[in-house]
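One file, data_25.txt, carrying compact mmCIF, C-alpha atoms and all ligand atoms:
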# COMPACT_ATOMS: atom_id res chain seq x y z
CA MET A 1 -102.59 26.82 -72.52
CA LYS A 2 -101.61 30.21 -71.16
CA LEU A 3 -103.32 32.15 -73.97
CA LYS A 4 -104.28 34.99 -71.62
CA GLU A 5 -100.71 35.31 -70.32
CA PHE A 6 -99.47 35.43 -73.89
CA GLN A 7 -101.98 38.15 -74.79
CA ARG A 8 -100.84 40.20 -71.79
CA GLU A 9 -97.29 40.01 -73.12
CA LEU A 10 -98.49 41.22 -76.52
CA GLN A 11 -100.11 44.18 -74.82
CA LYS A 12 -96.89 45.00 -72.96
CA LYS A 13 -94.76 44.75 -76.06
CA GLU A 14 -97.32 46.57 -78.23
CA ILE A 15 -97.61 43.70 -80.65
CA ASP A 16 -100.92 43.86 -82.55
CA LEU A 17 -101.09 40.22 -83.51
CA VAL A 18 -99.10 37.02 -83.78
CA PHE A 19 -99.29 34.60 -86.70
CA LEU A 20 -98.43 30.95 -85.99
CA ARG A 21 -98.56 28.49 -88.85
CA HIS A 22 -98.60 24.69 -88.92
CA PRO A 23 -96.31 22.85 -88.10
CA ASP A 24 -95.30 25.33 -85.39
CA PRO A 25 -95.21 23.58 -81.96
CA ASN A 26 -96.60 26.78 -80.44
CA LEU A 27 -99.75 26.22 -82.48
CA THR A 28 -100.05 22.73 -80.95
CA TYR A 29 -99.46 24.29 -77.54
CA PHE A 30 -102.27 26.84 -77.78
CA ILE A 31 -104.87 24.64 -79.47
CA GLN A 32 -103.85 21.49 -77.53
CA ALA A 33 -104.32 19.42 -80.64
CA SER A 34 -102.41 18.51 -83.73
CA CYS A 35 -103.75 19.42 -87.15
CA SER A 36 -102.77 18.65 -90.71
CA TYR A 37 -102.68 22.26 -91.84
CA GLY A 38 -103.76 25.64 -90.54
CA PHE A 39 -102.77 28.72 -88.64
CA LEU A 40 -103.60 30.69 -85.52
CA VAL A 41 -103.88 34.45 -85.33
CA VAL A 42 -103.60 35.79 -81.80
CA SER A 43 -104.42 39.41 -81.13
CA ARG A 44 -104.34 41.14 -77.74
CA SER A 45 -108.02 40.43 -77.13
CA SER A 46 -108.93 37.45 -79.32
CA ALA A 47 -107.58 34.43 -81.12
CA SER A 48 -108.72 32.85 -84.40
CA LEU A 49 -107.85 29.39 -85.60
CA TYR A 50 -108.11 28.64 -89.31
CA LEU A 51 -108.27 24.95 -90.18
CA THR A 52 -109.31 23.19 -93.38
CA GLU A 53 -112.42 21.03 -93.31
CA LEU A 54 -110.15 17.98 -93.09
CA ASP A 55 -109.47 18.42 -89.37
CA LEU A 56 -111.85 18.28 -86.44
CA PRO A 57 -111.74 21.80 -84.95
CA PRO A 58 -110.66 21.69 -81.28
CA LYS A 59 -112.77 23.41 -78.63
CA VAL A 60 -110.48 25.79 -76.79
CA LYS A 61 -111.56 28.60 -74.49
CA GLY A 62 -110.70 31.95 -76.02
CA ILE A 63 -110.08 30.61 -79.53
CA ASN A 64 -112.63 31.05 -82.34
CA ASN A 65 -112.62 28.47 -85.11
CA PHE A 66 -112.84 29.34 -88.80
CA ILE A 67 -112.80 27.15 -91.87
CA LEU A 68 -109.75 27.85 -93.96
CA LYS A 69 -110.80 28.40 -97.54
CA LYS A 70 -109.96 30.47 -100.59
CA GLY A 71 -109.96 34.19 -99.87
CA TRP A 72 -108.83 33.82 -96.24
CA GLU A 73 -106.31 36.55 -96.90
CA LYS A 74 -109.11 39.11 -97.03
CA GLN A 75 -110.40 37.92 -93.66
CA VAL A 76 -107.01 38.17 -92.01
CA GLY A 77 -105.18 41.00 -93.78
CA ARG A 78 -105.26 44.48 -92.28
CA LYS A 79 -103.61 47.67 -93.38
CA ASP A 80 -103.65 49.28 -89.92
CA VAL A 81 -101.52 46.64 -88.22
CA LYS A 82 -98.18 48.04 -87.06
CA LYS A 83 -96.43 45.18 -85.32
CA VAL A 84 -96.77 41.48 -86.10
CA GLY A 85 -95.19 38.69 -84.08
CA ILE A 86 -93.86 35.57 -85.77
CA ASN A 87 -91.85 32.54 -84.77
CA LYS A 88 -88.74 32.80 -86.89
CA SER A 89 -87.73 29.23 -86.26
CA ALA A 90 -90.97 27.77 -87.62
CA LEU A 91 -92.39 30.17 -90.22
CA PRO A 92 -91.51 29.23 -93.81
CA LEU A 93 -90.03 32.06 -95.85
CA SER A 94 -92.87 31.75 -98.40
CA SER A 95 -95.45 32.36 -95.65
CA PHE A 96 -93.44 35.31 -94.41
CA GLU A 97 -93.51 36.81 -97.92
CA SER A 98 -97.33 36.51 -97.97
CA LEU A 99 -97.63 38.01 -94.49
CA LYS A 100 -95.70 41.07 -95.63
CA LYS A 101 -98.37 41.61 -98.28
CA LEU A 102 -101.24 41.07 -95.83
CA PHE A 103 -99.82 43.56 -93.34
CA PRO A 104 -98.06 46.10 -95.58
CA LYS A 105 -97.38 48.63 -92.82
CA ALA A 106 -96.25 46.16 -90.19
CA ARG A 107 -92.91 45.60 -88.59
CA PHE A 108 -92.22 41.93 -87.88
CA VAL A 109 -90.76 40.80 -84.58
CA ASP A 110 -89.71 37.40 -83.33
CA VAL A 111 -91.85 36.24 -80.39
CA THR A 112 -89.96 32.97 -79.81
CA ALA A 113 -88.50 34.15 -76.50
CA ILE A 114 -91.93 35.00 -75.06
CA LEU A 115 -93.29 31.63 -76.13
CA THR A 116 -90.39 29.54 -74.85
CA SER A 117 -90.51 31.19 -71.46
CA LEU A 118 -94.28 30.55 -71.20
CA ARG A 119 -93.90 26.96 -72.32
CA SER A 120 -90.95 26.04 -70.14
CA GLU A 121 -93.03 26.32 -66.98
CA LYS A 122 -95.58 23.55 -67.13
CA THR A 123 -99.15 23.84 -65.87
CA GLU A 124 -100.81 21.15 -63.73
CA GLU A 125 -102.54 19.79 -66.82
CA GLU A 126 -99.31 19.55 -68.79
CA LYS A 127 -97.59 17.80 -65.89
CA LYS A 128 -100.44 15.28 -65.81
CA TYR A 129 -100.02 14.55 -69.53
CA LEU A 130 -96.26 14.14 -69.19
CA LYS A 131 -96.74 11.79 -66.27
CA ILE A 132 -99.11 9.59 -68.27
CA ALA A 133 -96.73 9.55 -71.25
CA CYS A 134 -93.87 8.51 -68.95
CA ASP A 135 -95.93 5.80 -67.23
CA VAL A 136 -96.82 4.23 -70.56
CA THR A 137 -93.16 4.44 -71.62
CA SER A 138 -91.99 2.65 -68.46
CA ASN A 139 -94.69 0.01 -68.80
CA ALA A 140 -93.69 -0.62 -72.41
CA LEU A 141 -90.13 -1.40 -71.32
CA ASN A 142 -91.30 -3.80 -68.63
CA ALA A 143 -93.50 -5.57 -71.16
CA LEU A 144 -90.54 -5.89 -73.52
CA SER A 145 -88.36 -7.39 -70.78
CA ASN A 146 -91.05 -9.99 -70.09
CA ASN A 147 -91.20 -10.93 -73.76
CA ILE A 148 -87.55 -10.62 -74.72
CA ASN A 149 -87.25 -14.18 -75.98
CA LYS A 150 -89.83 -13.47 -78.69
CA ILE A 151 -87.78 -10.51 -79.93
CA LYS A 152 -85.16 -11.32 -82.54
CA THR A 153 -83.91 -8.00 -83.96
CA GLU A 154 -83.53 -4.30 -83.11
CA GLN A 155 -86.46 -3.58 -85.44
CA SER A 156 -88.75 -6.03 -83.69
CA ALA A 157 -87.79 -4.58 -80.28
CA ALA A 158 -88.79 -1.13 -81.58
CA ILE A 159 -92.02 -2.46 -83.06
CA PHE A 160 -92.89 -4.16 -79.76
CA LEU A 161 -92.40 -0.95 -77.76
CA GLU A 162 -94.23 1.19 -80.27
CA SER A 163 -97.21 -1.19 -80.50
CA PHE A 164 -97.48 -1.19 -76.73
CA ILE A 165 -97.45 2.61 -76.71
CA ARG A 166 -100.16 2.86 -79.37
CA GLU A 167 -102.33 0.28 -77.66
CA ASN A 168 -102.19 2.46 -74.54
CA ASP A 169 -103.79 5.59 -76.00
CA CYS A 170 -100.53 7.29 -76.87
CA SER A 171 -98.68 7.96 -80.06
CA VAL A 172 -95.00 7.29 -80.64
CA GLY A 173 -93.09 10.46 -79.80
CA PHE A 174 -90.10 9.75 -82.05
CA PRO A 175 -88.64 6.76 -83.87
CA THR A 176 -87.41 4.29 -81.26
CA ILE A 177 -83.68 3.75 -81.02
CA ALA A 178 -82.94 0.07 -80.39
CA ALA A 179 -79.20 -0.49 -80.48
CA MET A 180 -77.51 -3.84 -79.89
CA GLY A 181 -73.93 -3.99 -78.67
CA LYS A 182 -71.56 -1.76 -80.58
CA ASN A 183 -74.44 -0.09 -82.46
CA ALA A 184 -75.21 1.77 -79.22
CA ALA A 185 -71.87 3.58 -79.46
CA ILE A 186 -73.66 5.78 -82.01
CA PRO A 187 -75.96 7.85 -79.76
CA HIS A 188 -78.48 8.33 -82.61
CA HIS A 189 -78.15 4.84 -84.08
CA ILE A 190 -80.80 4.10 -86.70
CA THR A 191 -82.65 0.96 -85.60
CA SER A 192 -81.72 -1.84 -87.99
CA SER A 193 -82.30 -5.49 -88.76
CA GLN A 194 -79.35 -6.37 -86.48
CA LYS A 195 -80.06 -9.62 -84.61
CA LEU A 196 -80.19 -9.48 -80.82
CA ARG A 197 -77.47 -11.45 -79.09
CA LYS A 198 -75.45 -11.45 -75.88
CA GLY A 199 -74.54 -7.96 -74.67
CA PHE A 200 -75.97 -4.54 -73.86
CA LEU A 201 -79.19 -3.59 -75.63
CA LEU A 202 -79.91 0.15 -75.51
CA LEU A 203 -83.49 1.40 -75.92
CA ASP A 204 -84.25 5.13 -76.28
CA PHE A 205 -87.92 5.83 -76.87
CA GLY A 206 -90.99 7.63 -75.63
CA ALA A 207 -94.76 7.77 -75.68
CA CYS A 208 -96.59 10.95 -76.54
CA TYR A 209 -99.86 11.61 -74.66
CA LYS A 210 -102.10 14.45 -75.87
CA ASN A 211 -99.05 15.90 -77.66
CA TYR A 212 -96.76 15.73 -74.61
CA ASN A 213 -93.56 13.74 -75.06
CA ALA A 214 -91.86 11.32 -72.70
CA ASP A 215 -88.20 10.49 -73.30
CA MET A 216 -86.47 7.55 -71.65
CA THR A 217 -83.36 5.45 -72.26
CA ARG A 218 -82.64 2.14 -70.59
CA VAL A 219 -80.03 -0.52 -71.17
CA LEU A 220 -80.83 -4.20 -70.78
CA TYR A 221 -78.25 -6.94 -70.69
CA LEU A 222 -78.94 -10.06 -72.69
CA GLY A 223 -77.12 -12.97 -71.08
CA LYS A 224 -74.68 -12.59 -68.22
CA PRO A 225 -72.51 -9.44 -68.04
CA THR A 226 -68.82 -9.60 -67.18
CA LYS A 227 -67.56 -7.85 -64.04
CA GLN A 228 -66.10 -5.10 -66.18
CA GLU A 229 -69.36 -4.55 -68.08
CA LYS A 230 -71.26 -4.32 -64.81
CA SER A 231 -68.73 -1.91 -63.41
CA VAL A 232 -68.92 0.54 -66.36
CA TYR A 233 -72.70 0.42 -66.22
CA ASN A 234 -72.68 1.18 -62.51
CA ILE A 235 -70.33 4.14 -62.97
CA LEU A 236 -72.85 5.61 -65.40
CA LEU A 237 -75.80 4.81 -63.16
CA ASP A 238 -74.11 6.38 -60.17
CA ALA A 239 -73.30 9.53 -62.19
CA GLN A 240 -76.88 9.78 -63.46
CA GLN A 241 -78.45 9.27 -60.04
CA SER A 242 -76.17 11.61 -58.17
CA THR A 243 -76.73 14.28 -60.84
CA ILE A 244 -80.47 13.97 -60.30
CA GLU A 245 -79.85 14.51 -56.59
CA MET A 246 -78.14 17.81 -57.43
CA VAL A 247 -81.29 19.25 -59.01
CA ALA A 248 -82.35 22.36 -57.08
CA GLU A 249 -84.15 25.60 -57.72
CA GLY A 250 -81.99 28.28 -59.29
CA LYS A 251 -79.15 25.92 -60.15
CA GLU A 252 -77.66 26.35 -63.61
CA TYR A 253 -78.28 23.45 -65.94
CA LEU A 254 -74.65 23.62 -66.99
CA ASN A 255 -73.61 23.02 -63.37
CA LEU A 256 -75.41 19.68 -63.51
CA ASP A 257 -73.63 18.90 -66.74
CA GLU A 258 -70.26 19.75 -65.23
CA PHE A 259 -70.98 17.72 -62.09
CA CYS A 260 -72.03 14.67 -64.09
CA ARG A 261 -68.88 14.76 -66.24
CA LYS A 262 -66.75 14.88 -63.12
CA LYS A 263 -68.53 11.82 -61.77
CA LEU A 264 -67.89 9.96 -65.03
CA GLY A 265 -64.16 10.47 -64.56
CA LYS A 266 -62.09 9.05 -67.40
CA HIS A 267 -65.27 8.03 -69.23
CA ALA A 268 -66.34 11.68 -69.56
CA LYS A 269 -64.18 11.95 -72.68
CA SER A 270 -66.57 9.60 -74.46
CA PHE A 271 -69.74 11.50 -73.38
CA ASN A 272 -70.22 13.52 -76.53
CA HIS A 273 -73.62 15.16 -76.17
CA SER A 274 -75.59 17.46 -73.90
CA LEU A 275 -76.77 16.16 -70.52
CA GLY A 276 -80.39 16.70 -71.52
CA HIS A 277 -83.14 19.01 -72.72
CA GLY A 278 -86.59 20.25 -71.83
CA ILE A 279 -89.63 18.20 -72.85
CA GLY A 280 -93.20 19.17 -73.68
CA VAL A 281 -95.10 19.50 -76.95
CA GLU A 282 -91.66 19.21 -78.50
CA LEU A 283 -89.32 16.37 -77.64
CA HIS A 284 -86.48 18.86 -77.41
CA GLU A 285 -87.46 22.28 -76.14
CA GLU A 286 -86.49 24.88 -73.54
CA PRO A 287 -84.97 24.64 -70.99
CA PHE A 288 -81.79 23.63 -72.78
CA TYR A 289 -78.50 23.03 -71.01
CA LYS A 290 -76.96 26.30 -72.07
CA LYS A 291 -75.25 29.25 -70.48
CA GLY A 292 -77.47 31.17 -68.06
CA SER A 293 -80.30 28.61 -68.15
CA LYS A 294 -81.43 27.86 -64.58
CA ILE A 295 -83.72 25.30 -63.03
CA SER A 296 -87.00 26.81 -61.97
CA LYS A 297 -90.29 25.49 -60.67
CA ASN A 298 -92.35 23.38 -63.05
CA HIS A 299 -89.57 22.75 -65.53
CA ALA A 300 -89.79 19.36 -67.23
CA PHE A 301 -86.50 18.01 -68.59
CA THR A 302 -84.27 15.00 -69.07
CA ILE A 303 -81.00 13.90 -67.52
CA GLU A 304 -79.23 11.49 -69.85
CA PRO A 305 -75.50 10.91 -69.53
CA GLY A 306 -73.87 8.33 -71.78
CA ILE A 307 -70.62 6.43 -72.21
CA TYR A 308 -69.71 5.54 -75.79
CA TYR A 309 -66.82 3.44 -77.06
CA PRO A 310 -67.01 3.22 -80.85
CA GLY A 311 -66.64 -0.29 -82.17
CA LYS A 312 -67.25 -1.71 -78.68
CA PHE A 313 -70.40 -0.64 -76.84
CA GLY A 314 -72.52 2.32 -75.80
CA LEU A 315 -74.53 3.08 -72.68
CA ARG A 316 -77.00 5.82 -71.81
CA ILE A 317 -79.43 6.18 -68.93
CA GLU A 318 -82.14 8.78 -69.39
CA ASP A 319 -84.98 9.93 -67.19
CA SER A 320 -87.68 12.51 -67.80
CA LEU A 321 -88.37 14.55 -64.70
CA ILE A 322 -90.30 17.48 -63.34
CA PHE A 323 -89.02 19.90 -60.74
CA ASP A 324 -91.90 21.36 -58.75
CA GLY A 325 -89.94 22.32 -55.65
CA LYS A 326 -89.13 18.63 -55.37
CA THR A 327 -87.56 16.47 -58.04
CA ARG A 328 -90.05 14.00 -59.51
CA ILE A 329 -88.66 11.28 -61.72
CA LEU A 330 -91.45 10.42 -64.14
CA THR A 331 -89.84 7.51 -65.98
CA LYS A 332 -90.03 4.87 -63.31
CA ALA A 333 -88.69 1.78 -65.08
CA SER A 334 -85.85 0.18 -63.10
CA LYS A 335 -82.36 1.49 -63.67
CA GLU A 336 -80.52 -1.37 -62.04
CA LEU A 337 -78.95 -3.32 -64.86
CA VAL A 338 -81.70 -5.72 -65.95
CA THR A 339 -80.10 -8.96 -67.07
CA LEU A 340 -82.26 -11.26 -69.13
CA ASN A 341 -81.77 -14.85 -70.10
CA TYR A 342 -81.66 -14.76 -73.84
CA SER A 343 -81.50 -17.66 -76.17
MN MN A 401 -83.59 12.72 -74.69
Step by step, read the file and then write its structure as C-alpha cells.
Ligand SMILES: [Mn+2]
Amino acid sequence: MKLKEFQRELQKKEIDLVFLRHPDPNLTYFIQASCSYGFLVVSRSSASLYLTELDLPPKVKGINNFILKKGWEKQVGRKDVKKVGINKSALPLSSFESLKKLFPKARFVDVTAILTSLRSEKTEEEKKYLKIACDVTSNALNALSNNINKIKTEQSAAIFLESFIRENDCSVGFPTIAAMGKNAAIPHHITSSQKLRKGFLLLDFGACYKNYNADMTRVLYLGKPTKQEKSVYNILLDAQQSTIEMVAEGKEYLNLDEFCRKKLGKHAKSFNHSLGHGIGVELHEEPFYKKGSKISKNHAFTIEPGIYYPGKFGLRIEDSLIFDGKTRILTKASKELVTLNYS
C-alpha cells in the first residue's frame, strides 16, 4: 500500500531510509501480510523485506524479499547514511541500539506522522477488506441470535462468534467482549464463565480480513425488557444514529463527540470513554478523536457511545464506518433492540 507515496515523502524530507521491525503495524501495512519476525528497509528508490525461512514471503510490487540470516547486519549497515526514519512507538530500544551501530553517522527521526497520515486515508482495496470484515462480523451476530438458546455463558457466546468468524475466512481481530447484565458496566469487561440470564447482553467483537479490522458492538436483550430498559436503550440508539448523521467532510471529530454527549443528556456523565477511533491494520489507529483531527475522505472509523451504570448495567452501540463523501455504515447488523426468548 502506498509505498511510492511514502518514498516520495522520504525524498522530500531527505530521509535516506526507514527501518520498520516486526511487530510494527506499518510493516503489515506495506507488505499486506503478517509475519512472525522480520523487518523492512525502505529507501527512496527501493524496499527490502527480510524474513526468516519460517514465513512465506509475500509478493509485493516494489519490495524485494531476502532471507533473514546471520550476518544480515553487513547487508543492511551503511556508513554513508545520514538520516534514518524509525517508528518510535513500535521500535524496541534494543533494536534502536543496534541500528545506531549499523548507521554510525545517521541522525534518527520519527516517521510516525508521515505513516499515520498515509494510512488514515484508505485505498479502494483497503475499503473492500474492511467491508468484508464488517459483513462477516454482522453475520456472526445474526447467527448467534438464531442460536441463543444453545449458548449458556459469556465464554460460549464469545466462542460461537469467534468460530463463525474463523469459518468465514477471517481471523479474530481482538478478544471478544461478551458481558451479561452488570458486567457490561465495565466497558472492557473480560469475558467470563458468567451464565447468561434475563437482561442486556453486550457483545463487542470484530473479524479481521487480510489484516483489516472490523469493530462492532451490539446489545441483545434476553427475555422481555421493562419500559425503562427499553427507554434507556433507545436514548443511546438515538444519540448514536443522530451522531452518525452529523458526519461530514472537514468536521472535527471532537464536534461529533460533543454532539453525542449532548444527546445523551443526563446519561452523558456515565459515558467514560472516547466516541471512537480509526480502524485499519490496527484496531485502534488514526484518526483519533482528538483536538484538530478532522473527518476527511476515505477515513474509516467507529462511532460507539455507551451508557454505564456500575453494579447495574452497561450499554454500547458501535458501528464501523467509512466516509467517502457519503457516510457508509459497514456493520449492518440491526441496532433496534433485539429481544430474544431465552430459557
Ligand atoms: Mn471500538
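Distances to Phe96 (chain A) were evaluated for A:Ala268, A:Met246, A:Ala47, A:Val84 using only C-alpha atoms, and the minimum falls at A:Val84.
One finds CA of Glu252 (chain A) at 16.6 Å from CA of Gln240 (chain A).
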- Task: Pick out the residues sitting within 12 Å of Ile132 (chain A), and hand them over as a ChimeraX atom specification; count only C-alpha atoms, and ignore anything fewer than 3 positions along from it in its own chain.
- Result: /A:125-129,135-139,165,168-171,206-214,320,330-332
Mind giving me the axis-aligned box for region 179-186 of chain A with 4 Å on every side, centre plus edges in Å to one decimal, as lines of an AutoDock Vina configuration file?
center_x = -75.4
center_y = 0.9
center_z = -80.6
size_x = 15.6
size_y = 17.8
size_z = 11.8
For region 173-177 of chain A: contacts at 10 Å, only C-alpha atoms, fewer than 4 positions along chain excluded, given as a CSV table (one decimal) with C-alpha atoms, in the frame of the given file:
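This went into selection_5.csv:
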chain,number,residue,atom,x,y,z
A,133,ALA,CA,-96.7,9.6,-71.2
A,154,GLU,CA,-83.5,-4.3,-83.1
A,155,GLN,CA,-86.5,-3.6,-85.4
A,157,ALA,CA,-87.8,-4.6,-80.3
A,158,ALA,CA,-88.8,-1.1,-81.6
A,159,ILE,CA,-92.0,-2.5,-83.1
A,161,LEU,CA,-92.4,-1.0,-77.8
A,162,GLU,CA,-94.2,1.2,-80.3
A,165,ILE,CA,-97.4,2.6,-76.7
A,184,ALA,CA,-75.2,1.8,-79.2
A,187,PRO,CA,-76.0,7.8,-79.8
A,188,HIS,CA,-78.5,8.3,-82.6
A,189,HIS,CA,-78.2,4.8,-84.1
A,190,ILE,CA,-80.8,4.1,-86.7
A,191,THR,CA,-82.6,1.0,-85.6
A,192,SER,CA,-81.7,-1.8,-88.0
A,202,LEU,CA,-79.9,0.2,-75.5
A,203,LEU,CA,-83.5,1.4,-75.9
A,204,ASP,CA,-84.2,5.1,-76.3
A,205,PHE,CA,-87.9,5.8,-76.9
A,206,GLY,CA,-91.0,7.6,-75.6
A,207,ALA,CA,-94.8,7.8,-75.7
A,208,CYS,CA,-96.6,11.0,-76.5
A,209,TYR,CA,-99.9,11.6,-74.7
A,211,ASN,CA,-99.0,15.9,-77.7
A,212,TYR,CA,-96.8,15.7,-74.6
A,213,ASN,CA,-93.6,13.7,-75.1
A,214,ALA,CA,-91.9,11.3,-72.7
A,215,ASP,CA,-88.2,10.5,-73.3
A,217,THR,CA,-83.4,5.4,-72.3
A,281,VAL,CA,-95.1,19.5,-77.0
A,282,GLU,CA,-91.7,19.2,-78.5
A,283,LEU,CA,-89.3,16.4,-77.6
- Counting only C-alpha atoms and all ligand atoms, what residues are within 7 Å of ligand MN 401 (chain A), given as a ChimeraX atom specification? /A:215-216,276-277,302,304,318
- Rank A:Pro25, A:Gly314, A:Pro104, A:Gly71 by their smallest atom-to-atom distance to Phe200 (chain A), using only C-alpha atoms, and report the top residue only. A:Gly314
- With a distance cut-off of 7 Å and all atoms listed in the file, select the neighbouring residues of Ser120 (chain A), excluding the residue or stretch itself and same-chain residues fewer than 6 positions from it, and output the selection as a PyMOL selection string. chain A and resi 286-287+299
- Message: Please return as an MDAnalysis selection string every residue within 12 Å of (-94.9, 39.0, -92.5), taking into account all atoms listed in the file and the file's own coordinates.
- Response: chainID A and resid 17:21 77:78 81:88 91:110
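Counting all atoms listed in the file, the residue from A:Glu5, A:Asp257, A:Phe160, A:Ser274 that sits nearest to Asn146 (chain A) is A:Phe160.
Using all atoms listed in the file for every distance, the candidate list A:Ile322, A:Val60, A:Cys260, A:Cys134 yields A:Ile322 as the residue closest to Glu121 (chain A).
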- Item | Residue nearest Asp324 (chain A) - candidates A:Ala143, A:Leu254, A:Ala248, A:Val42, atoms counted: all atoms listed in the file | A:Ala248
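With distances restricted to only C-alpha atoms, A:Arg44 is the closest residue to Lys12 (chain A) from A:Lys297, A:Lys182, A:Ala113, A:Arg44.
Going from CA of Ser48 (chain A) over to CA of Gln7 (chain A), you cover 12.9 Å.
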- Item | Two-atom distance - CA of Lys224 (chain A), CA of Leu264 (chain A) (Å) | 23.8 Å
- Message: Show me, as a count of residues only, the residues that have an atom within 12 Å of Glu336 (chain A) when counting all atoms listed in the file, minus same-chain residues fewer than 3 positions from it.
- Response: 18
- Task: For Pro57 (chain A), work out the shell of residues within 10 Å, counting all atoms listed in the file and skipping chain neighbours fewer than 6 positions away, then give it as an NGL selection string.
- Result: :A and (31 or 33-35 or 49-51 or 64-67)
Filled-in N, CA and C atoms of region 285-304 of chain A, supplied as a compact mmCIF listing (two decimals), keeping the file's coordinate frame:
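New file selection04.txt:
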# COMPACT_ATOMS: atom_id res chain seq x y z
N GLU A 285 -87.05 20.88 -76.22
CA GLU A 285 -87.46 22.28 -76.14
C GLU A 285 -86.80 22.93 -74.93
N GLU A 286 -87.04 24.21 -74.71
CA GLU A 286 -86.49 24.88 -73.54
C GLU A 286 -87.05 24.20 -72.28
N PRO A 287 -86.32 24.14 -71.20
CA PRO A 287 -84.97 24.64 -70.99
C PRO A 287 -83.89 23.73 -71.60
N PHE A 288 -82.95 24.36 -72.30
CA PHE A 288 -81.79 23.63 -72.78
C PHE A 288 -80.65 23.81 -71.78
N TYR A 289 -79.69 22.92 -71.86
CA TYR A 289 -78.50 23.03 -71.01
C TYR A 289 -77.56 24.01 -71.70
N LYS A 290 -77.80 25.30 -71.44
CA LYS A 290 -76.96 26.30 -72.07
C LYS A 290 -76.67 27.41 -71.07
N LYS A 291 -75.71 28.23 -71.39
CA LYS A 291 -75.25 29.25 -70.48
C LYS A 291 -76.40 30.11 -69.95
N GLY A 292 -76.46 30.29 -68.66
CA GLY A 292 -77.47 31.17 -68.06
C GLY A 292 -78.81 30.50 -67.79
N SER A 293 -79.02 29.30 -68.33
CA SER A 293 -80.30 28.61 -68.15
C SER A 293 -80.33 27.96 -66.76
N LYS A 294 -81.36 28.33 -65.97
CA LYS A 294 -81.43 27.86 -64.58
C LYS A 294 -82.69 27.05 -64.32
N ILE A 295 -82.57 26.12 -63.40
CA ILE A 295 -83.72 25.30 -63.03
C ILE A 295 -84.74 26.16 -62.29
N SER A 296 -85.98 26.12 -62.76
CA SER A 296 -87.00 26.81 -61.97
C SER A 296 -88.23 25.93 -61.87
N LYS A 297 -89.14 26.32 -61.00
CA LYS A 297 -90.29 25.49 -60.67
C LYS A 297 -91.10 25.16 -61.91
N ASN A 298 -91.51 23.89 -61.98
CA ASN A 298 -92.35 23.38 -63.05
C ASN A 298 -91.64 23.21 -64.39
N HIS A 299 -90.33 23.15 -64.35
CA HIS A 299 -89.57 22.75 -65.53
C HIS A 299 -89.70 21.23 -65.69
N ALA A 300 -89.80 20.79 -66.93
CA ALA A 300 -89.79 19.36 -67.23
C ALA A 300 -88.61 19.12 -68.16
N PHE A 301 -87.73 18.19 -67.79
CA PHE A 301 -86.50 18.01 -68.59
C PHE A 301 -85.91 16.62 -68.38
N THR A 302 -84.91 16.31 -69.18
CA THR A 302 -84.27 15.00 -69.07
C THR A 302 -82.86 15.14 -68.51
N ILE A 303 -82.40 14.03 -67.92
CA ILE A 303 -81.00 13.90 -67.52
C ILE A 303 -80.52 12.58 -68.12
N GLU A 304 -79.57 12.66 -69.05
CA GLU A 304 -79.23 11.49 -69.85
C GLU A 304 -77.75 11.37 -70.20
